[in-house]
$ cat run-v7.cif   # mmCIF, C-alpha atoms and all ligand atoms
data_start
#
loop_
_atom_site.label_atom_id
_atom_site.label_comp_id
_atom_site.auth_asym_id
_atom_site.auth_seq_id
_atom_site.Cartn_x
_atom_site.Cartn_y
_atom_site.Cartn_z
CA VAL A 1 0.00 0.00 0.00
CA LEU A 2 1.44 3.35 -1.02
CA LEU A 3 0.11 6.55 0.48
CA ASP A 4 1.17 9.39 -1.78
CA ARG A 5 -0.29 12.03 -4.07
CA ARG A 6 -0.59 9.61 -6.96
CA HIS A 7 -2.97 7.47 -4.89
CA LEU A 8 -5.04 10.34 -3.52
CA ARG A 9 -8.12 9.42 -5.58
CA LEU A 10 -7.99 5.88 -4.25
CA HIS A 11 -7.95 6.86 -0.59
CA ALA A 12 -9.88 10.15 -0.50
CA PRO A 13 -13.43 8.65 -0.70
CA TRP A 14 -12.77 6.36 2.28
CA VAL A 15 -11.20 9.15 4.33
CA ILE A 16 -14.17 11.44 3.60
CA LEU A 17 -16.69 8.69 4.37
CA GLY A 18 -14.88 7.72 7.60
CA LEU A 19 -14.60 11.33 8.78
CA ALA A 20 -18.26 12.05 7.95
CA ILE A 21 -19.50 9.00 9.92
CA THR A 22 -17.17 9.80 12.84
CA PHE A 23 -18.32 13.45 13.02
CA ALA A 24 -21.99 12.47 12.77
CA LEU A 25 -21.67 9.79 15.48
CA THR A 26 -19.67 12.13 17.76
CA ALA A 27 -22.26 14.93 17.41
CA TRP A 28 -25.12 12.47 18.05
CA PHE A 29 -23.29 10.98 21.05
CA ILE A 30 -22.66 14.41 22.62
CA GLN A 31 -26.26 15.47 22.05
CA ALA A 32 -27.67 12.20 23.53
CA SER A 33 -25.32 12.39 26.53
CA TRP A 34 -26.26 16.06 27.08
CA ARG A 35 -29.93 15.13 27.16
CA ALA A 36 -29.42 12.09 29.40
CA GLU A 37 -27.04 14.09 31.65
CA ARG A 38 -24.53 11.22 31.59
CA TRP A 39 -22.30 9.50 28.99
CA VAL A 40 -24.64 7.18 27.13
CA GLY A 41 -23.40 3.60 26.56
CA GLY A 42 -23.73 0.71 24.12
CA GLY A 43 -27.46 0.21 24.82
CA SER A 44 -28.44 3.74 23.68
CA GLU A 45 -29.54 4.45 20.12
CA VAL A 46 -26.28 6.12 19.17
CA GLY A 47 -24.35 3.39 21.02
CA LEU A 48 -26.11 0.69 19.04
CA VAL A 49 -25.55 2.41 15.69
CA ALA A 50 -21.86 2.99 16.48
CA GLY A 51 -21.56 -0.64 17.65
CA ILE A 52 -23.16 -1.98 14.47
CA ALA A 53 -20.87 0.25 12.36
CA ALA A 54 -17.77 -0.99 14.24
CA ALA A 55 -18.85 -4.66 14.18
CA SER A 56 -19.68 -4.69 10.47
CA THR A 57 -16.36 -2.98 9.77
CA ILE A 58 -14.56 -5.73 11.70
CA VAL A 59 -16.36 -8.35 9.59
CA PHE A 60 -15.46 -6.42 6.42
CA GLU A 61 -11.83 -6.20 7.56
CA MET A 62 -11.75 -9.97 8.01
CA LEU A 63 -13.03 -10.44 4.45
CA LEU A 64 -9.47 -9.69 3.36
CA LEU A 65 -8.68 -13.31 4.21
CA PRO A 66 -11.18 -15.00 1.83
CA ARG A 67 -10.29 -12.31 -0.72
CA LYS A 68 -6.68 -13.47 -0.47
CA TRP A 69 -7.62 -17.13 -0.83
CA LEU A 70 -9.77 -16.34 -3.90
CA ARG A 71 -7.38 -13.85 -5.46
CA ARG A 72 -7.15 -15.93 -8.63
CA LEU A 73 -10.74 -14.92 -9.40
CA ARG A 74 -9.57 -11.27 -9.54
CA LEU A 75 -12.93 -10.11 -8.18
CA ILE A 76 -11.92 -6.59 -7.16
CA PRO A 77 -8.35 -5.28 -7.59
CA ALA A 78 -6.35 -5.55 -4.37
CA LYS A 79 -5.62 -1.82 -4.26
CA TYR A 80 -9.35 -0.99 -3.82
CA TRP A 81 -9.73 -3.60 -1.09
CA MET A 82 -6.64 -2.34 0.70
CA ALA A 83 -7.74 1.32 0.57
CA ALA A 84 -11.10 0.37 2.12
CA HIS A 85 -9.36 -1.92 4.65
CA LEU A 86 -6.93 0.77 5.76
CA TRP A 87 -9.41 3.57 6.32
CA LEU A 88 -12.43 1.63 7.61
CA GLY A 89 -10.03 -0.23 9.96
CA THR A 90 -8.69 3.11 11.17
CA PHE A 91 -12.13 4.63 11.81
CA CYS A 92 -13.42 1.44 13.41
CA LEU A 93 -11.61 2.30 16.66
CA PRO A 94 -13.32 5.71 17.28
CA TRP A 95 -16.69 4.10 16.44
CA ALA A 96 -16.03 1.36 19.01
CA ILE A 97 -15.08 4.03 21.58
CA ILE A 98 -18.34 5.91 20.88
CA HIS A 99 -20.20 2.60 21.18
CA CYS A 100 -18.94 1.96 24.71
CA GLY A 101 -19.39 5.62 25.65
CA GLY A 102 -16.02 5.87 27.36
CA HIS A 103 -16.77 3.23 30.05
CA LEU A 104 -15.52 -0.28 29.47
CA GLY A 105 -17.79 -2.26 31.82
CA GLY A 106 -16.55 -5.79 32.57
CA TRP A 107 -13.37 -7.66 31.71
CA LEU A 108 -14.66 -8.90 28.32
CA PRO A 109 -15.28 -5.44 26.79
CA THR A 110 -11.97 -4.28 28.30
CA ILE A 111 -9.98 -7.10 26.68
CA PHE A 112 -11.94 -6.59 23.47
CA MET A 113 -11.02 -2.90 23.30
CA ILE A 114 -7.36 -3.62 24.11
CA VAL A 115 -7.09 -6.27 21.37
CA LEU A 116 -8.90 -3.99 18.91
CA ALA A 117 -6.51 -1.14 19.73
CA LEU A 118 -3.51 -3.47 19.29
CA THR A 119 -4.86 -4.66 15.90
CA PHE A 120 -5.23 -1.02 14.89
CA LEU A 121 -1.67 -0.22 16.03
CA SER A 122 -0.20 -3.27 14.27
CA GLY A 123 -1.99 -2.21 11.04
CA ILE A 124 -0.64 1.35 11.30
CA TYR A 125 2.85 -0.03 11.99
CA GLY A 126 2.64 -2.25 8.88
CA VAL A 127 1.46 0.59 6.67
CA LEU A 128 4.28 2.82 7.93
CA LEU A 129 6.84 0.10 7.16
CA GLN A 130 5.34 -0.24 3.68
CA GLN A 131 5.80 3.52 3.11
CA VAL A 132 9.39 3.68 4.31
CA LEU A 133 11.22 0.42 3.56
CA PRO A 134 10.50 -0.14 -0.18
CA ARG A 135 11.42 3.49 -0.97
CA TRP A 136 14.60 3.20 1.09
CA MET A 137 15.50 -0.03 -0.69
CA LEU A 138 14.92 1.51 -4.11
CA ARG A 139 17.27 4.36 -3.24
CA HIS A 140 19.99 2.50 -1.34
CA LEU A 141 20.02 -1.02 -2.78
CA PRO A 142 20.74 -0.78 -6.51
CA ALA A 143 21.47 -4.52 -6.56
CA GLU A 144 17.98 -5.34 -5.19
CA THR A 145 16.44 -8.24 -7.07
CA ILE A 146 13.27 -10.33 -6.87
CA TYR A 147 13.42 -11.83 -3.38
CA SER A 148 12.90 -15.43 -4.47
CA GLN A 149 15.65 -15.03 -7.09
CA ILE A 150 18.42 -14.03 -4.68
CA ASP A 151 19.98 -17.52 -4.54
CA HIS A 152 19.86 -17.84 -8.30
CA VAL A 153 21.41 -14.41 -8.91
CA ALA A 154 24.10 -15.16 -6.30
CA GLU A 155 24.93 -18.42 -8.07
CA GLN A 156 25.06 -16.59 -11.41
CA THR A 157 27.46 -14.02 -9.96
CA VAL A 158 29.81 -16.77 -8.77
CA THR A 159 29.67 -18.34 -12.24
CA ASP A 160 30.44 -15.00 -13.91
CA LEU A 161 33.28 -14.29 -11.55
CA ARG A 162 34.81 -17.70 -12.19
CA ARG A 163 34.52 -17.13 -15.93
CA GLN A 164 36.31 -13.82 -15.57
CA LEU A 165 39.00 -15.41 -13.44
CA VAL A 166 39.63 -18.21 -15.92
CA ALA A 167 39.73 -15.69 -18.77
CA THR A 168 42.15 -13.36 -17.02
CA CYS A 169 44.50 -15.66 -15.13
CA GLY A 170 43.75 -19.25 -16.11
CA PRO A 171 41.95 -22.14 -14.44
CA ASP A 172 41.97 -22.75 -10.73
CA PRO A 173 45.41 -24.23 -9.87
CA ASN A 174 43.92 -25.95 -6.82
CA GLU A 175 41.47 -27.91 -8.92
CA THR A 176 42.61 -31.53 -9.09
CA HIS A 177 43.24 -33.36 -12.30
CA ARG A 178 41.01 -36.12 -10.91
CA ASP A 179 37.99 -33.80 -10.85
CA ARG A 180 38.60 -32.81 -14.44
CA SER A 181 39.09 -36.34 -15.76
CA ARG A 182 35.90 -37.43 -13.98
CA GLY A 183 34.18 -34.63 -15.82
CA GLU A 184 33.01 -33.02 -12.57
CA HIS A 185 32.24 -29.41 -13.11
CA ALA A 186 32.49 -26.99 -10.27
CA VAL A 187 29.88 -24.22 -10.45
CA GLY A 188 30.94 -21.80 -13.14
CA GLU A 189 33.63 -24.06 -14.53
CA LEU A 190 34.43 -23.16 -18.07
CA ASN A 191 35.24 -24.54 -21.42
CA ASP A 192 38.72 -24.42 -22.87
CA ASP A 193 37.48 -21.33 -24.69
CA ASP A 194 37.81 -19.38 -21.51
CA GLU A 195 41.53 -19.98 -21.02
CA PRO A 196 43.31 -16.66 -20.50
CA ALA A 197 44.93 -14.69 -23.29
CA SER A 198 48.45 -15.39 -22.10
CA HIS A 199 47.88 -19.15 -22.15
CA ARG A 200 47.14 -19.31 -25.83
CA SER A 201 47.58 -16.07 -27.72
CA SER A 202 48.54 -12.54 -26.80
CA ALA A 203 45.37 -10.96 -28.23
CA PRO A 204 42.98 -9.51 -25.63
CA ARG A 205 39.99 -11.81 -25.06
CA THR A 206 36.43 -11.15 -24.14
CA VAL A 207 34.15 -12.77 -21.62
CA VAL A 208 30.39 -12.43 -21.54
CA ILE A 209 28.76 -12.04 -18.14
CA GLY A 210 25.41 -10.94 -16.70
CA ALA A 211 25.75 -7.44 -15.27
CA LEU A 212 23.43 -5.31 -13.17
CA ARG A 213 22.00 -2.22 -14.82
CA GLN A 214 19.70 0.47 -13.52
CA HIS A 215 17.95 3.09 -15.58
CA GLY A 216 15.75 5.34 -13.47
CA ARG A 217 13.41 3.03 -11.57
CA VAL A 218 14.01 0.10 -13.91
CA ARG A 219 16.75 -2.32 -13.05
CA GLY A 220 17.80 -5.77 -14.11
CA ARG A 221 20.57 -7.93 -15.44
CA VAL A 222 21.92 -7.39 -18.91
CA VAL A 223 24.53 -9.29 -20.85
CA LYS A 224 27.84 -7.48 -20.73
CA THR A 225 31.01 -8.21 -22.71
CA LEU A 226 34.26 -7.58 -20.88
CA VAL A 227 37.71 -7.41 -22.44
CA SER A 228 39.90 -9.39 -20.10
CA LYS A 229 43.40 -8.29 -19.16
CA ASP A 230 46.13 -10.78 -18.52
CA ALA A 231 46.53 -11.34 -14.78
CA SER A 232 48.21 -14.73 -14.93
CA ALA A 233 50.99 -13.49 -12.63
CA ASP A 234 48.37 -13.31 -9.86
CA ARG A 235 46.69 -16.61 -10.60
CA GLN A 236 47.34 -18.21 -7.21
CA PRO A 237 46.35 -15.26 -4.93
CA LEU A 238 43.31 -14.48 -7.08
CA TRP A 239 41.96 -18.03 -6.96
CA ASN A 240 42.72 -18.23 -3.22
CA ALA A 241 40.73 -15.04 -2.80
CA MET A 242 37.90 -16.49 -4.87
CA HIS A 243 37.78 -19.52 -2.55
CA GLN A 244 37.51 -17.22 0.46
CA LEU A 245 34.88 -15.04 -1.17
CA GLU A 246 32.67 -17.73 -2.68
CA PRO A 247 30.91 -18.94 0.52
CA PHE A 248 29.84 -15.38 1.31
CA LEU A 249 28.70 -14.72 -2.26
CA ARG A 250 26.59 -17.88 -2.23
CA ASP A 251 25.18 -17.96 1.31
CA GLY A 252 25.73 -14.48 2.72
CA ARG A 253 25.92 -14.15 6.49
CA SER A 254 24.76 -17.72 7.05
CA SER A 255 28.08 -18.91 5.54
CA GLN A 256 29.74 -17.58 8.76
CA SER A 257 32.35 -16.00 6.48
CA PRO A 258 34.43 -13.25 8.11
CA LEU A 259 33.88 -11.33 4.85
CA ALA A 260 30.28 -10.76 5.93
CA GLU A 261 31.62 -7.97 8.11
CA PRO A 262 32.07 -4.87 5.87
CA ARG A 263 35.14 -3.54 7.71
CA ARG A 264 36.95 -6.87 7.51
CA ALA A 265 35.97 -7.24 3.86
CA ASP A 266 37.42 -3.78 3.08
CA GLU A 267 40.70 -4.68 4.80
CA TRP A 268 40.78 -8.01 2.97
CA LEU A 269 40.24 -6.33 -0.39
CA SER A 270 42.89 -3.69 0.16
CA ARG A 271 45.39 -6.39 1.25
CA LEU A 272 44.54 -8.29 -1.93
CA ARG A 273 45.05 -5.20 -4.06
CA THR A 274 48.50 -4.65 -2.57
CA ALA A 275 49.43 -8.30 -3.13
CA CYS A 276 48.42 -8.36 -6.81
CA THR A 277 49.84 -6.68 -9.91
CA LYS A 278 48.10 -3.92 -11.87
CA GLY A 279 46.73 -6.43 -14.38
CA ALA A 280 44.48 -7.84 -11.65
CA ALA A 281 42.69 -4.51 -11.10
CA PRO A 282 39.59 -5.30 -13.26
CA ILE A 283 39.00 -8.72 -11.70
CA LEU A 284 39.50 -7.26 -8.21
CA GLU A 285 36.94 -4.61 -9.11
CA ALA A 286 34.55 -7.39 -10.20
CA MET A 287 35.13 -9.21 -6.89
CA GLU A 288 34.43 -6.05 -4.95
CA GLN A 289 31.23 -5.47 -6.91
CA ALA A 290 30.10 -9.04 -6.32
CA HIS A 291 30.79 -8.61 -2.59
CA ARG A 292 28.82 -5.34 -2.54
CA GLN A 293 25.94 -7.01 -4.35
CA ARG A 294 25.80 -9.82 -1.77
CA GLN A 295 25.90 -7.29 1.07
CA GLN A 296 22.90 -5.57 -0.51
CA PHE A 297 21.09 -8.90 -0.83
CA GLU A 298 21.66 -9.41 2.90
CA ILE A 299 20.11 -6.03 3.67
CA GLN A 300 17.26 -6.80 1.25
CA GLN A 301 16.58 -10.09 3.06
CA THR A 302 16.49 -8.30 6.43
CA MET A 303 14.12 -5.64 5.05
CA HIS A 304 11.95 -8.35 3.53
CA ARG A 305 11.63 -10.04 6.94
CA TRP A 306 10.70 -6.69 8.52
CA LEU A 307 8.12 -6.07 5.83
CA HIS A 308 6.43 -9.41 6.44
CA ALA A 309 7.03 -10.28 10.12
CA TRP A 310 4.24 -8.00 11.38
CA ILE A 311 1.53 -9.65 9.24
CA PRO A 312 1.12 -12.84 11.37
CA ILE A 313 0.87 -10.57 14.46
CA HIS A 314 -1.80 -8.43 12.78
CA LEU A 315 -3.61 -11.55 11.60
CA GLY A 316 -3.49 -13.21 15.06
CA LEU A 317 -4.81 -10.05 16.71
CA SER A 318 -7.58 -9.65 14.15
CA LEU A 319 -8.70 -13.26 14.67
CA GLY A 320 -8.75 -12.44 18.41
CA VAL A 321 -10.91 -9.39 17.64
CA LEU A 322 -13.36 -11.53 15.68
CA ILE A 323 -13.67 -14.13 18.47
CA LEU A 324 -14.08 -11.40 21.11
CA LEU A 325 -16.69 -9.66 18.94
CA VAL A 326 -18.80 -12.83 18.79
CA ALA A 327 -18.40 -13.35 22.57
CA HIS A 328 -19.29 -9.71 23.21
CA ILE A 329 -22.46 -9.91 21.09
CA VAL A 330 -23.57 -13.19 22.75
CA VAL A 331 -23.07 -11.77 26.27
CA ALA A 332 -24.76 -8.45 25.38
CA MET A 333 -27.79 -10.26 23.90
CA ARG A 334 -28.22 -12.29 27.10
CA TYR A 335 -28.42 -9.17 29.24
CA TRP A 336 -30.70 -7.29 26.88
C1 LIG B 1 -10.60 -4.09 13.12
C2 LIG B 1 -9.44 -3.88 12.65
C3 LIG B 1 -8.72 -4.77 11.66
C4 LIG B 1 -8.87 -6.07 11.35
C5 LIG B 1 -9.89 -7.04 11.92
C6 LIG B 1 -7.89 -6.41 10.33
C7 LIG B 1 -7.72 -7.63 9.72
C8 LIG B 1 -6.81 -7.95 8.76
C9 LIG B 1 -6.66 -9.23 8.13
C10 LIG B 1 -7.46 -10.47 8.46
C11 LIG B 1 -5.65 -9.14 7.23
C12 LIG B 1 -5.11 -10.25 6.31
C13 LIG B 1 -3.84 -10.77 6.93
C14 LIG B 1 -3.05 -11.64 5.97
O1 LIG B 1 -2.52 -11.09 5.00
O2 LIG B 1 -2.98 -12.85 6.19
C15 LIG B 1 -5.17 -7.77 7.25
C16 LIG B 1 -4.16 -7.27 6.46
C17 LIG B 1 -3.74 -5.97 6.50
N1 LIG B 1 -4.16 -4.98 7.34
FE1 LIG B 1 -5.66 -5.13 8.66
N2 LIG B 1 -7.16 -5.27 10.03
C18 LIG B 1 -7.64 -4.25 10.84
C19 LIG B 1 -7.19 -2.97 10.87
C20 LIG B 1 -6.18 -2.46 10.09
C21 LIG B 1 -5.70 -1.10 10.15
C22 LIG B 1 -6.22 -0.03 11.08
C23 LIG B 1 -4.69 -1.01 9.23
C24 LIG B 1 -3.85 0.18 8.87
C25 LIG B 1 -4.18 1.40 8.98
C26 LIG B 1 -4.53 -2.31 8.60
C27 LIG B 1 -3.61 -2.61 7.65
C28 LIG B 1 -3.47 -3.83 7.04
C29 LIG B 1 -2.57 -4.10 5.96
C30 LIG B 1 -1.61 -3.09 5.32
C31 LIG B 1 -2.73 -5.44 5.61
C32 LIG B 1 -2.10 -6.18 4.44
C33 LIG B 1 -0.84 -6.86 4.74
C34 LIG B 1 -0.29 -7.38 3.42
O3 LIG B 1 -0.68 -8.47 3.00
O4 LIG B 1 0.52 -6.64 2.85
N3 LIG B 1 -5.45 -3.17 9.15
N4 LIG B 1 -5.89 -7.08 8.20
#
$ encode --input "run-v7.cif" --output "structure tokens"
Amino acid sequence: VLLDRRHLRLHAPWVILGLAITFALTAWFIQASWRAERWVGGGSEVGLVAGIAAASTIVFEMLLLPRKWLRRLRLIPAKYWMAAHLWLGTFCLPWAIIHCGGHLGGWLPTIFMIVLALTFLSGIYGVLLQQVLPRWMLRHLPAETIYSQIDHVAEQTVTDLRRQLVATCGPDPNETHRDRSRGEHAVGELNDDDEPASHRSSAPRTVVIGALRQHGRVRGRVVKTLVSKDASADRQPLWNAMHQLEPFLRDGRSSQSPLAEPRRADEWLSRLRTACTKGAAPILEAMEQAHRQRQQFEIQQTMHRWLHAWIPIHLGLSLGVLILLVAHIVVAMRYW
């Protein structure tokens, strides 16, 4: 749900309707209480109307669940449902307060009001997160990708990096002959085509990789052709570095890699730069970029958890509200 000028038309009718009902109920409640010379409660005319408004809103709010289950039918676009959900849910609380006339009565209405208020607060909290986090991510995480694709993109990055390494400094010297003769291919292992320039001819060679691109708000991976420089002098340190980097690139923080810590990763990269020759600069740059991308994926995963963790709380509370509403109606009917 986005609350901004572009969505004004979507939200304005519900805000106007909610405010109009709230003002009308408040004026009626004050007038009735003035006449009765006390705060009128749930049994008064205004109390009953406010109670029915709040109860039917709660039922409407819960309809979001079946709407979600039946979303394939595309009955009403989600944005219209959400606009109604947000604003009717918000105004439901003042209507419930008018219904009880400021006095809570027994323990059941008290618990009911507390759970309703918590549901309201959890909803507001979720909407605020939805305003702030996606915008922040768009601005600060250029490497952001589709959440479910993170593992795939990470794997692709490792493959690309390995291709670049083979093209610039030759195959991994630590790789055993046995693995090769068995035809086992490590992720990103390459054909003979990817042997570095210095190993076969002195002409500069190219390697095709998937690269991240952003144009305005649109971002994605494009195919990029790199001209590889010869870095065969640094073959051993570069492949050693790749072995240290790979677990973090693949599994992020859960790999327990020390490179998950930005400060340690910076130190590690600058040590690597000092240890290698100038020819290794482009591949070191690619390693740094891959590391930055994985760091951003880590932040994206944390943000994703924040964006979704509140929903089960909101759902649990709203189910509580529904149960308490039924109990409240049953008890109230008995005394009436
Ligand atoms: C009586 C009060 C309310 C009830 C009973 C209620 C109930 C629900 C239910 C059942 C869902 C579906 C949960 C799911 O996705 O599994 C939901 C989602 C949601 N509610 Fe409420 N709600 C209430 C008030 C509010 C308020 C006041 C707000 C914000 C101002 C709000 C914001 C949201 C949002 C943003 C979602 C969608 C989460 C998502 O899927 O992205 N709700 N609510």
$ residues_around --input "run-v7.cif" --residues "segment 283-297 of chain A" --least-positions-apart "5" --cutoff "6 Å" --atoms "all atoms listed in the file" --output "MDAnalysis selection string"
chainID A and resid 141 143 249
$ residues_around --input "run-v7.cif" --residues "Glu246 of chain A" --least-positions-apart "4" --cutoff "10 Å" --atoms "all atoms listed in the file" --output "NGL selection string"
:A and (154-155 or 157-158 or 161-162 or 241-242 or 250-252 or 255 or 257 or 259 or 287 or 290-291)
$ write_last_selection --input "run-v7.cif" --atoms "C-alpha atoms" --output "PDB file, in the coordinates of the input"
ATOM      1  CA  ALA A 154      24.100 -15.160  -6.300  1.00  0.00           C
ATOM      2  CA  GLU A 155      24.930 -18.420  -8.070  1.00  0.00           C
ATOM      3  CA  THR A 157      27.460 -14.020  -9.960  1.00  0.00           C
ATOM      4  CA  VAL A 158      29.810 -16.770  -8.770  1.00  0.00           C
ATOM      5  CA  LEU A 161      33.280 -14.290 -11.550  1.00  0.00           C
ATOM      6  CA  ARG A 162      34.810 -17.700 -12.190  1.00  0.00           C
ATOM      7  CA  ALA A 241      40.730 -15.040  -2.800  1.00  0.00           C
ATOM      8  CA  MET A 242      37.900 -16.490  -4.870  1.00  0.00           C
ATOM      9  CA  ARG A 250      26.590 -17.880  -2.230  1.00  0.00           C
ATOM     10  CA  ASP A 251      25.180 -17.960   1.310  1.00  0.00           C
ATOM     11  CA  GLY A 252      25.730 -14.480   2.720  1.00  0.00           C
ATOM     12  CA  SER A 255      28.080 -18.910   5.540  1.00  0.00           C
ATOM     13  CA  SER A 257      32.350 -16.000   6.480  1.00  0.00           C
ATOM     14  CA  LEU A 259      33.880 -11.330   4.850  1.00  0.00           C
ATOM     15  CA  MET A 287      35.130  -9.210  -6.890  1.00  0.00           C
ATOM     16  CA  ALA A 290      30.100  -9.040  -6.320  1.00  0.00           C
ATOM     17  CA  HIS A 291      30.790  -8.610  -2.590  1.00  0.00           C
TER      18      HIS A 291
END
$ closest_atom_pairs --input "run-v7.cif" --of "chain A" --to "ligand LIG 1 (chain B)" --cutoff "6 Å" --atoms "only C-alpha atoms and all ligand atoms" --output "tab-separated table"
residue	atom	partner	partner_atom	distance
A:Ile58	CA	B:LIG1	C1	4.5
A:Glu61	CA	B:LIG1	C4	4.8
A:Met62	CA	B:LIG1	C10	4.3
A:Leu64	CA	B:LIG1	C12	5.3
A:Leu65	CA	B:LIG1	C12	5.1
A:Leu86	CA	B:LIG1	C25	4.3
A:Gly89	CA	B:LIG1	C22	4.0
A:Thr90	CA	B:LIG1	C22	4.0
A:Thr119	CA	B:LIG1	C2	5.7
A:Phe120	CA	B:LIG1	C22	4.1
A:Gly123	CA	B:LIG1	C23	3.5
A:Ile124	CA	B:LIG1	C24	4.2
A:Gly126	CA	B:LIG1	C30	5.6
A:Val127	CA	B:LIG1	C30	5.0
A:Ile311	CA	B:LIG1	C33	5.8
A:Leu315	CA	B:LIG1	C13	4.7
A:Ser318	CA	B:LIG1	C5	4.1
$ residues_near_point --input "run-v7.cif" --point "(45.5, -12.5, -15.2)" --cutoff "8 Å" --atoms "all atoms listed in the file" --output "mmCIF file with C-alpha atoms, in the coordinates of the input"
data_model
loop_
_atom_site.group_PDB
_atom_site.id
_atom_site.type_symbol
_atom_site.label_atom_id
_atom_site.label_comp_id
_atom_site.auth_asym_id
_atom_site.auth_seq_id
_atom_site.Cartn_x
_atom_site.Cartn_y
_atom_site.Cartn_z
ATOM 1 C CA LEU A 165 39.000 -15.410 -13.440
ATOM 2 C CA ALA A 167 39.730 -15.690 -18.770
ATOM 3 C CA THR A 168 42.150 -13.360 -17.020
ATOM 4 C CA CYS A 169 44.500 -15.660 -15.130
ATOM 5 C CA GLY A 170 43.750 -19.250 -16.110
ATOM 6 C CA PRO A 196 43.310 -16.660 -20.500
ATOM 7 C CA LYS A 229 43.400 -8.290 -19.160
ATOM 8 C CA ASP A 230 46.130 -10.780 -18.520
ATOM 9 C CA ALA A 231 46.530 -11.340 -14.780
ATOM 10 C CA SER A 232 48.210 -14.730 -14.930
ATOM 11 C CA ALA A 233 50.990 -13.490 -12.630
ATOM 12 C CA ASP A 234 48.370 -13.310 -9.860
ATOM 13 C CA ARG A 235 46.690 -16.610 -10.600
ATOM 14 C CA GLY A 279 46.730 -6.430 -14.380
ATOM 15 C CA ALA A 280 44.480 -7.840 -11.650
#
$ atom_distance --input "run-v7.cif" --atom1 "atom CA of Leu25 of chain A" --atom2 "atom CA of Tyr80 of chain A"
25.3 Å
$ atom_distance --input "run-v7.cif" --atom1 "atom CA of Ala332 of chain A" --atom2 "atom CA of Phe112 of chain A"
13.1 Å
$ atom_distance --input "run-v7.cif" --atom1 "atom CA of Ala78 of chain A" --atom2 "atom CA of Ala96 of chain A"
26.2 Å
$ closest_residue --input "run-v7.cif" --among "A:Gly101, A:Met82, A:Leu88, A:Ala265" --to "Arg38 of chain A" --atoms "only C-alpha atoms"
A:Gly101
$ closest_residue --input "run-v7.cif" --among "A:Ala83, A:Leu238, A:Met113, A:Ile52" --to "Pro282 of chain A" --atoms "all atoms listed in the file"
A:Leu238
